[in-house]
Amino acid sequence: MSEPLIEVADQAGIVTLTINRPKALNALNGAVLSELDRLLDELQGREGLRAVLVTGAGEKAFVAGADIAEMRDKTPEQARRFARQALATFKRLEALPVPTVALVNGFCLGGGCELALACDWAVASDNAIFGQPEVLLGVIPGFGGTQRLPRRVGPAMALDLCTTGRKIDAAEALRIGLVNRVLAQDELPAYVAELTKQLGGNGPASVRGAKQAIHDGMDQDLESALALETSLFALCFAGDEQREGMSAFVEKRKPNF
Ligand code: HXC
């Protein structure tokens with residue numbers, strides 16, 4: 001049987017999706033994007049889902065970009081369709097109701113960086129290299145980079161990266177806020193274990209509520225976004241988690257969510 005394009009592992013509701021084209025540095029072609037879309041559709045309604053982690057197979061790359069060989073001969077219309085396919089898939093990833101984390105191991109370039117940006121946050125190994133090098137290929141980012149990158153790191157740094165195409169290391173990615181943490185490559189599994197423990201101990205409905213408030217609020221003016229927060233906060237009091245969480249504090253015991 002041939003290797004899956006994306007490997008799936010589930011550890012107590014923490015699902016890891018591993019893009020599995022290591023010989024092409026996990027470059028995103030149409031087939032990988034279709035498979036990612038299918039898997040995300042499946043995960044959307046999965047019971048007990050706590051978080052989704054995205055990473056790349058092998059030690060060399062997270063994802064080195066969209067597949068350049070596949071893109072080379074596209075017409076403008078085919079390029080538009082390819083970009084729209086990726087944007088729809090990345091939107092589906094972003095809209096998952098649970099936290100999503102990019103575990104960036106090695107090259108994270110072009111469409112790879114845009115995939116990481118579609119995750120809620122990113123954790124990088126110390127050998128990670130980031131960049132939006134599309135201008136070196138005669139194009140611009142097309143999987144959301146010109147929009148999600150400035151929202152993550154600010155417009156000046158996004159302009160720097162997208163117009164020079166320069167690559168940055170993990171330390172600079174941390175400094176500009178592109179990633180949340182940098183770890184040695186062999187520490188990534190321990191991070192997954194830590195995350196599993198942390199998220200596994202929190203109330204799943206409140207974790208989902210916090211994500212929804214931040215994501216949906218970011219697209220609204222402050223007043224509307226604060227009203228959204230109030231609605232979601234009040235909604236917490238309609239479920240079991242709030243009573244259990246607060247009772248556990250008062251009774252000096254651990255909550256059982
Ligand atoms: C297709 C790729 C690829 C890519 C690497 N490979 N990146 N194939 N698309 N994006 C393939 C190489 O062709 C090679 O295949 C194998 O992976 C190993 O890569 P090497 O280049 O031999 O490795 P190395 O010398 O270590 O260089 C690593 C690298 C370099 C610096 C990451 O591969 C590189 O510059 N890749 C392209 C990075 C990039 O420009 N990404 C942005 C793409 S545009 P063979 O068969 O020769 O072994 C993009 C646009 C998104 O993402 C929006 C579109 C709408």
# chains A, B, ... in the order shown; residues from 1 in each chain; ligands from 1
call {"tool": "residues_around", "arguments": {"residues": "Ile176 (chain A)", "least_positions_apart": "2", "cutoff": "12 Å", "atoms": "only C-alpha atoms", "output": "list in words"}}
result
Phe130, Leu149, Pro150, Arg151, Arg152, Val153, Gly154, Pro155, Ala156, Met157, Ala158, Asp160, Leu161, Ile168, Asp169, Ala170, Ala171, Glu172, Ala173, Leu174, Leu178, Val179, Asn180 and Arg181 of chain A
call {"tool": "write_last_selection", "arguments": {"atoms": "N, CA, C and O atoms", "output": "CSV table (one decimal), in the first residue's frame"}}
result
chain,number,residue,atom,x,y,z
A,130,PHE,N,11.9,30.4,8.2
A,130,PHE,CA,10.6,30.9,7.7
A,130,PHE,C,10.9,31.9,6.6
A,130,PHE,O,11.9,32.5,6.5
A,149,LEU,N,-0.2,37.3,7.5
A,149,LEU,CA,1.1,37.6,8.0
A,149,LEU,C,1.1,39.0,8.7
A,149,LEU,O,1.5,39.2,9.8
A,150,PRO,N,0.6,40.1,8.0
A,150,PRO,CA,0.5,41.4,8.7
A,150,PRO,C,-0.4,41.4,9.9
A,150,PRO,O,-0.1,42.1,10.9
A,151,ARG,N,-1.4,40.5,9.9
A,151,ARG,CA,-2.3,40.5,11.1
A,151,ARG,C,-1.5,39.8,12.3
A,151,ARG,O,-1.7,40.1,13.4
A,152,ARG,N,-0.5,39.0,12.0
A,152,ARG,CA,0.3,38.3,13.0
A,152,ARG,C,1.5,39.1,13.4
A,152,ARG,O,1.7,39.3,14.6
A,153,VAL,N,2.2,39.7,12.5
A,153,VAL,CA,3.5,40.4,12.8
A,153,VAL,C,3.5,41.9,12.6
A,153,VAL,O,4.5,42.5,12.8
A,154,GLY,N,2.4,42.4,12.1
A,154,GLY,CA,2.3,43.8,11.7
A,154,GLY,C,2.7,44.1,10.3
A,154,GLY,O,3.5,43.3,9.7
A,155,PRO,N,2.1,45.1,9.7
A,155,PRO,CA,2.3,45.4,8.2
A,155,PRO,C,3.8,45.6,7.8
A,155,PRO,O,4.2,45.2,6.7
A,156,ALA,N,4.6,46.3,8.7
A,156,ALA,CA,5.9,46.7,8.3
A,156,ALA,C,6.8,45.4,8.1
A,156,ALA,O,7.5,45.2,7.1
A,157,MET,N,6.7,44.5,9.1
A,157,MET,CA,7.5,43.3,9.0
A,157,MET,C,7.0,42.4,7.9
A,157,MET,O,7.8,41.7,7.2
A,158,ALA,N,5.6,42.4,7.7
A,158,ALA,CA,5.1,41.6,6.6
A,158,ALA,C,5.6,42.1,5.2
A,158,ALA,O,5.9,41.3,4.3
A,160,ASP,N,8.4,43.7,4.7
A,160,ASP,CA,9.8,43.4,4.6
A,160,ASP,C,9.9,41.9,4.1
A,160,ASP,O,10.6,41.7,3.1
A,161,LEU,N,9.2,41.0,4.7
A,161,LEU,CA,9.4,39.6,4.4
A,161,LEU,C,8.8,39.3,3.0
A,161,LEU,O,9.4,38.5,2.2
A,168,ILE,N,14.1,33.9,7.5
A,168,ILE,CA,14.5,34.2,8.9
A,168,ILE,C,14.6,33.0,9.7
A,168,ILE,O,13.9,32.0,9.4
A,169,ASP,N,15.4,33.0,10.7
A,169,ASP,CA,15.5,31.8,11.6
A,169,ASP,C,14.5,31.8,12.7
A,169,ASP,O,13.7,32.8,12.9
A,170,ALA,N,14.5,30.7,13.5
A,170,ALA,CA,13.5,30.6,14.5
A,170,ALA,C,13.6,31.7,15.6
A,170,ALA,O,12.5,32.2,16.0
A,171,ALA,N,14.8,32.2,15.9
A,171,ALA,CA,15.0,33.2,16.9
A,171,ALA,C,14.3,34.5,16.4
A,171,ALA,O,13.6,35.2,17.2
A,172,GLU,N,14.5,34.8,15.1
A,172,GLU,CA,13.8,36.1,14.6
A,172,GLU,C,12.3,35.9,14.5
A,172,GLU,O,11.5,36.8,14.9
A,173,ALA,N,11.9,34.7,14.2
A,173,ALA,CA,10.4,34.4,14.1
A,173,ALA,C,9.8,34.6,15.5
A,173,ALA,O,8.7,35.1,15.6
A,174,LEU,N,10.5,34.2,16.5
A,174,LEU,CA,10.0,34.3,17.9
A,174,LEU,C,10.0,35.8,18.2
A,174,LEU,O,9.0,36.3,18.8
A,178,LEU,N,5.9,35.7,15.1
A,178,LEU,CA,5.4,34.7,14.1
A,178,LEU,C,5.2,33.4,14.8
A,178,LEU,O,4.3,32.6,14.4
A,179,VAL,N,6.0,33.0,15.8
A,179,VAL,CA,5.9,31.8,16.5
A,179,VAL,C,5.8,32.1,18.0
A,179,VAL,O,6.3,33.2,18.5
A,180,ASN,N,5.2,31.2,18.8
A,180,ASN,CA,5.0,31.4,20.2
A,180,ASN,C,6.2,30.9,21.1
A,180,ASN,O,6.5,31.4,22.1
A,181,ARG,N,6.8,29.8,20.6
A,181,ARG,CA,7.9,29.2,21.3
A,181,ARG,C,8.9,28.6,20.4
A,181,ARG,O,8.5,28.2,19.3
call {"tool": "residues_around", "arguments": {"residues": "Val8 (chain A)", "least_positions_apart": "2", "cutoff": "12 Å", "atoms": "only C-alpha atoms", "output": "mmCIF file with N, CA and C atoms, in the first residue's frame"}}
result
data_model
loop_
_atom_site.group_PDB
_atom_site.id
_atom_site.type_symbol
_atom_site.label_atom_id
_atom_site.label_comp_id
_atom_site.auth_asym_id
_atom_site.auth_seq_id
_atom_site.Cartn_x
_atom_site.Cartn_y
_atom_site.Cartn_z
ATOM 1 N N GLU A 3 2.120 5.080 0.842
ATOM 2 C CA GLU A 3 2.104 5.921 2.052
ATOM 3 C C GLU A 3 0.979 6.952 1.965
ATOM 4 N N PRO A 4 0.293 7.262 3.076
ATOM 5 C CA PRO A 4 -0.714 8.323 3.009
ATOM 6 C C PRO A 4 -0.045 9.687 2.798
ATOM 7 N N LEU A 5 -0.726 10.586 2.077
ATOM 8 C CA LEU A 5 -0.177 11.936 1.859
ATOM 9 C C LEU A 5 -0.137 12.723 3.159
ATOM 10 N N ILE A 6 -1.067 12.376 4.063
ATOM 11 C CA ILE A 6 -1.086 13.013 5.385
ATOM 12 C C ILE A 6 -1.314 11.911 6.418
ATOM 13 N N ASP A 10 -3.998 10.184 16.777
ATOM 14 C CA ASP A 10 -4.914 10.758 17.771
ATOM 15 C C ASP A 10 -4.468 10.310 19.158
ATOM 16 N N GLN A 11 -4.088 11.301 19.987
ATOM 17 C CA GLN A 11 -3.639 10.992 21.348
ATOM 18 C C GLN A 11 -4.567 11.746 22.295
ATOM 19 N N GLY A 13 -7.581 12.803 21.966
ATOM 20 C CA GLY A 13 -8.299 13.929 21.353
ATOM 21 C C GLY A 13 -7.393 15.007 20.792
ATOM 22 N N ILE A 14 -6.080 14.854 20.976
ATOM 23 C CA ILE A 14 -5.133 15.779 20.336
ATOM 24 C C ILE A 14 -4.711 15.093 19.030
ATOM 25 N N VAL A 15 -5.221 15.618 17.928
ATOM 26 C CA VAL A 15 -4.976 14.971 16.632
ATOM 27 C C VAL A 15 -3.796 15.641 15.932
ATOM 28 N N THR A 16 -2.827 14.842 15.513
ATOM 29 C CA THR A 16 -1.682 15.374 14.766
ATOM 30 C C THR A 16 -1.804 14.988 13.297
ATOM 31 N N LEU A 17 -1.761 15.996 12.437
ATOM 32 C CA LEU A 17 -1.775 15.772 10.993
ATOM 33 C C LEU A 17 -0.350 16.003 10.489
ATOM 34 N N THR A 18 0.253 14.995 9.883
ATOM 35 C CA THR A 18 1.629 15.122 9.392
ATOM 36 C C THR A 18 1.639 15.085 7.873
ATOM 37 N N ILE A 19 2.000 16.222 7.264
ATOM 38 C CA ILE A 19 2.092 16.278 5.799
ATOM 39 C C ILE A 19 3.252 15.373 5.392
ATOM 40 N N ASN A 20 2.971 14.421 4.512
ATOM 41 C CA ASN A 20 3.918 13.334 4.310
ATOM 42 C C ASN A 20 4.420 13.231 2.855
ATOM 43 N N GLU A 35 -6.603 16.168 0.264
ATOM 44 C CA GLU A 35 -6.600 15.232 1.395
ATOM 45 C C GLU A 35 -6.741 15.993 2.720
ATOM 46 N N LEU A 36 -6.051 17.133 2.822
ATOM 47 C CA LEU A 36 -6.146 17.944 4.041
ATOM 48 C C LEU A 36 -7.592 18.412 4.234
ATOM 49 N N LEU A 39 -9.732 15.539 5.483
ATOM 50 C CA LEU A 39 -9.472 15.215 6.888
ATOM 51 C C LEU A 39 -10.086 16.273 7.813
ATOM 52 N N LEU A 40 -9.990 17.536 7.420
ATOM 53 C CA LEU A 40 -10.528 18.608 8.260
ATOM 54 C C LEU A 40 -12.046 18.516 8.327
ATOM 55 N N GLU A 42 -13.700 15.800 8.220
ATOM 56 C CA GLU A 42 -13.953 14.688 9.139
ATOM 57 C C GLU A 42 -13.780 15.138 10.601
ATOM 58 N N LEU A 43 -12.753 15.978 10.832
ATOM 59 C CA LEU A 43 -12.444 16.394 12.215
ATOM 60 C C LEU A 43 -13.476 17.383 12.760
ATOM 61 N N VAL A 52 -5.835 20.315 17.334
ATOM 62 C CA VAL A 52 -5.281 19.740 16.106
ATOM 63 C C VAL A 52 -3.887 20.328 15.895
ATOM 64 N N LEU A 53 -2.913 19.451 15.736
ATOM 65 C CA LEU A 53 -1.534 19.879 15.477
ATOM 66 C C LEU A 53 -1.192 19.554 14.034
ATOM 67 N N VAL A 54 -0.475 20.464 13.400
ATOM 68 C CA VAL A 54 -0.082 20.239 12.001
ATOM 69 C C VAL A 54 1.435 20.258 11.939
ATOM 70 N N THR A 55 2.020 19.258 11.296
ATOM 71 C CA THR A 55 3.478 19.217 11.180
ATOM 72 C C THR A 55 3.879 18.572 9.857
ATOM 73 N N GLY A 56 5.197 18.455 9.635
ATOM 74 C CA GLY A 56 5.689 17.875 8.386
ATOM 75 C C GLY A 56 6.532 16.649 8.659
ATOM 76 N N ALA A 57 6.492 15.689 7.760
ATOM 77 C CA ALA A 57 7.280 14.461 7.933
ATOM 78 C C ALA A 57 8.766 14.741 7.693
#
call {"tool": "closest_atom_pairs", "arguments": {"of": "chain A", "to": "ligand 1", "cutoff": "6 Å", "atoms": "only C-alpha atoms and all ligand atoms", "output": "CSV"}}
result
residue,atom,partner,partner_atom_place_in_ligand_line,distance
A:Lys23,CA,ligand 1,16 (C),5.6
A:Ala24,CA,ligand 1,17 (O),3.4
A:Leu25,CA,ligand 1,17 (O),4.7
A:Ala27,CA,ligand 1,4 (C),4.9
A:Ala64,CA,ligand 1,7 (N),4.8
A:Gly65,CA,ligand 1,52 (O),3.5
A:Ala66,CA,ligand 1,52 (O),3.7
A:Asp67,CA,ligand 1,9 (N),3.4
A:Ile68,CA,ligand 1,9 (N),4.0
A:Ala69,CA,ligand 1,1 (C),5.4
A:Ala83,CA,ligand 1,55 (C),4.4
A:Phe107,CA,ligand 1,32 (C),5.7
A:Leu109,CA,ligand 1,41 (N),4.9
A:Gly110,CA,ligand 1,52 (O),3.6
A:Gly111,CA,ligand 1,52 (O),3.7
A:Pro133,CA,ligand 1,40 (O),5.3
A:Glu134,CA,ligand 1,44 (S),5.0
A:Pro141,CA,ligand 1,53 (C),4.8
A:Gly142,CA,ligand 1,53 (C),3.7
A:Phe143,CA,ligand 1,53 (C),4.8
call {"tool": "closest_residue", "arguments": {"among": "A:Ala12, A:Ala116, A:Ala190, A:Leu228", "to": "Gly131 (chain A)", "atoms": "only C-alpha atoms"}}
result
A:Ala116
call {"tool": "select_by_dssp", "arguments": {"residues": "region 118-257 of chain A", "states": "strand (DSSP E or B)", "output": "list in words"}}
result
Trp121, Ala122, Val123, Ala124, Ser125, Ile129, Phe130, Gly131, Ile168, Asp169, Arg181, Val182 and Leu183 of chain A
call {"tool": "write_last_selection", "arguments": {"atoms": "C-alpha atoms", "output": "PDB file, in the first residue's frame"}}
result
ATOM      1  CA  TRP A 121      -0.286  29.500  17.041  1.00  0.00           C
ATOM      2  CA  ALA A 122       3.043  28.017  16.060  1.00  0.00           C
ATOM      3  CA  VAL A 123       5.851  26.299  17.930  1.00  0.00           C
ATOM      4  CA  ALA A 124       9.149  26.000  16.067  1.00  0.00           C
ATOM      5  CA  SER A 125      12.173  23.781  16.363  1.00  0.00           C
ATOM      6  CA  ILE A 129      13.530  28.646   8.669  1.00  0.00           C
ATOM      7  CA  PHE A 130      10.623  30.888   7.734  1.00  0.00           C
ATOM      8  CA  GLY A 131       9.964  33.053   4.707  1.00  0.00           C
ATOM      9  CA  ILE A 168      14.470  34.240   8.880  1.00  0.00           C
ATOM     10  CA  ASP A 169      15.536  31.804  11.558  1.00  0.00           C
ATOM     11  CA  ARG A 181       7.911  29.213  21.317  1.00  0.00           C
ATOM     12  CA  VAL A 182      11.169  27.747  20.047  1.00  0.00           C
ATOM     13  CA  LEU A 183      12.306  24.308  21.179  1.00  0.00           C
TER      14      LEU A 183
END
call {"tool": "atom_distance", "arguments": {"atom1": "CA of Gly144 (chain A)", "atom2": "CA of Thr163 (chain A)"}}
result
15.0 Å
call {"tool": "residues_around", "arguments": {"residues": "Cys236 (chain A)", "least_positions_apart": "4", "cutoff": "8 Å", "atoms": "only C-alpha atoms", "output": "ChimeraX atom specification"}}
result
/A:205-206,232,241-242
call {"tool": "select_by_dssp", "arguments": {"residues": "region 15-242 of chain A", "states": "helix (DSSP H, G or I)", "output": "PyMOL selection string"}}
result
chain A and resi 22-24+30-44+68-71+76-94+111-117+133-137+145-153+155-164+170-175+185-201+204-218+222-236+240-242
call {"tool": "write_last_selection", "arguments": {"atoms": "C-alpha atoms", "output": "short mmCIF file (atom, residue, chain, number, x, y, z; two decimals), in the first residue's frame"}}
result
data_model
loop_
_atom_site.label_atom_id
_atom_site.label_comp_id
_atom_site.auth_asym_id
_atom_site.auth_seq_id
_atom_site.Cartn_x
_atom_site.Cartn_y
_atom_site.Cartn_z
CA PRO A 22 9.37 14.38 2.71
CA LYS A 23 11.18 13.82 -0.63
CA ALA A 24 9.62 17.09 -1.90
CA GLY A 30 -3.43 19.70 -5.27
CA ALA A 31 -3.62 16.13 -3.96
CA VAL A 32 -2.24 17.06 -0.50
CA LEU A 33 -4.62 20.01 -0.26
CA SER A 34 -7.61 17.81 -1.20
CA GLU A 35 -6.60 15.23 1.39
CA LEU A 36 -6.15 17.94 4.04
CA ASP A 37 -9.58 19.30 3.22
CA ARG A 38 -11.15 15.83 3.52
CA LEU A 39 -9.47 15.22 6.89
CA LEU A 40 -10.53 18.61 8.26
CA ASP A 41 -14.10 17.95 7.19
CA GLU A 42 -13.95 14.69 9.14
CA LEU A 43 -12.44 16.39 12.21
CA GLN A 44 -14.98 19.24 12.25
CA ILE A 68 6.50 24.78 -7.70
CA ALA A 69 6.75 22.05 -10.36
CA GLU A 70 2.97 21.60 -10.33
CA MET A 71 2.37 25.38 -10.44
CA PRO A 76 -4.10 32.51 -14.56
CA GLU A 77 -7.47 30.75 -14.22
CA GLN A 78 -5.87 27.52 -12.98
CA ALA A 79 -3.71 29.55 -10.56
CA ARG A 80 -6.85 31.27 -9.24
CA ARG A 81 -8.55 27.89 -8.70
CA PHE A 82 -5.45 26.49 -6.95
CA ALA A 83 -5.24 29.49 -4.61
CA ARG A 84 -8.97 29.31 -3.88
CA GLN A 85 -8.69 25.60 -3.08
CA ALA A 86 -5.94 26.29 -0.55
CA LEU A 87 -7.69 29.32 0.93
CA ALA A 88 -10.89 27.31 1.48
CA THR A 89 -8.93 24.49 3.14
CA PHE A 90 -6.93 26.87 5.34
CA LYS A 91 -10.18 28.63 6.32
CA ARG A 92 -11.60 25.26 7.33
CA LEU A 93 -8.49 24.67 9.48
CA GLU A 94 -8.77 28.12 11.04
CA GLY A 111 2.55 28.17 1.28
CA GLY A 112 4.10 26.39 4.28
CA CYS A 113 4.37 29.64 6.22
CA GLU A 114 0.80 30.44 5.15
CA LEU A 115 -0.33 27.04 6.46
CA ALA A 116 1.36 27.79 9.80
CA LEU A 117 -0.36 31.20 9.85
CA PRO A 133 10.00 33.84 -0.95
CA GLU A 134 7.32 34.06 -3.68
CA VAL A 135 8.79 37.24 -5.22
CA LEU A 136 11.92 35.20 -6.01
CA LEU A 137 9.67 33.04 -8.21
CA GLY A 145 0.19 35.32 3.41
CA THR A 146 -0.38 38.95 2.43
CA GLN A 147 -3.33 39.07 4.83
CA ARG A 148 -2.59 36.72 7.74
CA LEU A 149 1.10 37.63 8.04
CA PRO A 150 0.50 41.39 8.67
CA ARG A 151 -2.25 40.48 11.13
CA ARG A 152 0.26 38.29 13.02
CA VAL A 153 3.47 40.37 12.84
CA PRO A 155 2.34 45.37 8.22
CA ALA A 156 5.93 46.68 8.25
CA MET A 157 7.50 43.29 9.01
CA ALA A 158 5.08 41.55 6.59
CA LEU A 159 6.11 44.01 3.86
CA ASP A 160 9.78 43.37 4.64
CA LEU A 161 9.35 39.59 4.38
CA CYS A 162 7.01 39.55 1.36
CA THR A 163 8.94 42.07 -0.77
CA THR A 164 12.51 40.94 -0.03
CA ALA A 170 13.50 30.57 14.53
CA ALA A 171 14.95 33.21 16.89
CA GLU A 172 13.82 36.06 14.63
CA ALA A 173 10.44 34.38 14.08
CA LEU A 174 10.03 34.32 17.86
CA ARG A 175 11.10 37.96 18.21
CA GLN A 185 13.70 19.49 17.58
CA ASP A 186 13.78 16.53 19.98
CA GLU A 187 11.71 18.51 22.51
CA LEU A 188 8.67 18.74 20.18
CA PRO A 189 7.15 15.40 21.36
CA ALA A 190 7.42 16.60 24.99
CA TYR A 191 5.60 19.79 23.98
CA VAL A 192 2.78 17.70 22.50
CA ALA A 193 2.58 15.73 25.77
CA GLU A 194 2.51 18.98 27.78
CA LEU A 195 -0.22 20.42 25.57
CA THR A 196 -2.23 17.20 25.83
CA LYS A 197 -2.05 17.43 29.61
CA GLN A 198 -2.90 21.16 29.74
CA LEU A 199 -5.80 21.10 27.28
CA GLY A 200 -7.01 17.76 28.61
CA GLY A 201 -7.41 19.32 32.07
CA PRO A 204 -13.54 21.77 26.56
CA ALA A 205 -16.50 24.13 26.12
CA SER A 206 -14.63 27.07 27.65
CA VAL A 207 -11.55 26.38 25.49
CA ARG A 208 -13.80 26.44 22.42
CA GLY A 209 -15.53 29.59 23.69
CA ALA A 210 -12.22 31.42 24.18
CA LYS A 211 -11.15 30.52 20.65
CA GLN A 212 -14.48 31.61 19.17
CA ALA A 213 -14.44 34.94 21.03
CA ILE A 214 -10.92 35.77 19.83
CA HIS A 215 -11.38 34.64 16.23
CA ASP A 216 -14.83 36.07 15.59
CA GLY A 217 -14.04 39.22 17.58
CA MET A 218 -10.93 40.01 15.51
CA LEU A 222 -14.28 46.66 19.39
CA GLU A 223 -17.77 47.41 20.65
CA SER A 224 -19.37 44.51 18.74
CA ALA A 225 -16.50 42.22 19.70
CA LEU A 226 -16.92 43.04 23.40
CA ALA A 227 -20.65 42.33 23.10
CA LEU A 228 -19.76 38.98 21.55
CA GLU A 229 -17.44 38.25 24.47
CA THR A 230 -20.23 39.06 26.94
CA SER A 231 -22.64 36.68 25.14
CA LEU A 232 -20.10 33.86 25.12
CA PHE A 233 -19.14 34.54 28.75
CA ALA A 234 -22.80 34.40 29.83
CA LEU A 235 -23.27 31.20 27.81
CA CYS A 236 -20.62 29.52 30.00
CA ASP A 240 -21.93 22.27 33.55
CA GLU A 241 -18.33 23.42 33.29
CA GLN A 242 -18.70 26.75 35.08
#
call {"tool": "atom_distance", "arguments": {"atom1": "CA of Val104 (chain A)", "atom2": "CA of Gly138 (chain A)"}}
result
25.6 Å
call {"tool": "atom_distance", "arguments": {"atom1": "CA of Asp126 (chain A)", "atom2": "CA of Asn26 (chain A)"}}
result
18.8 Å
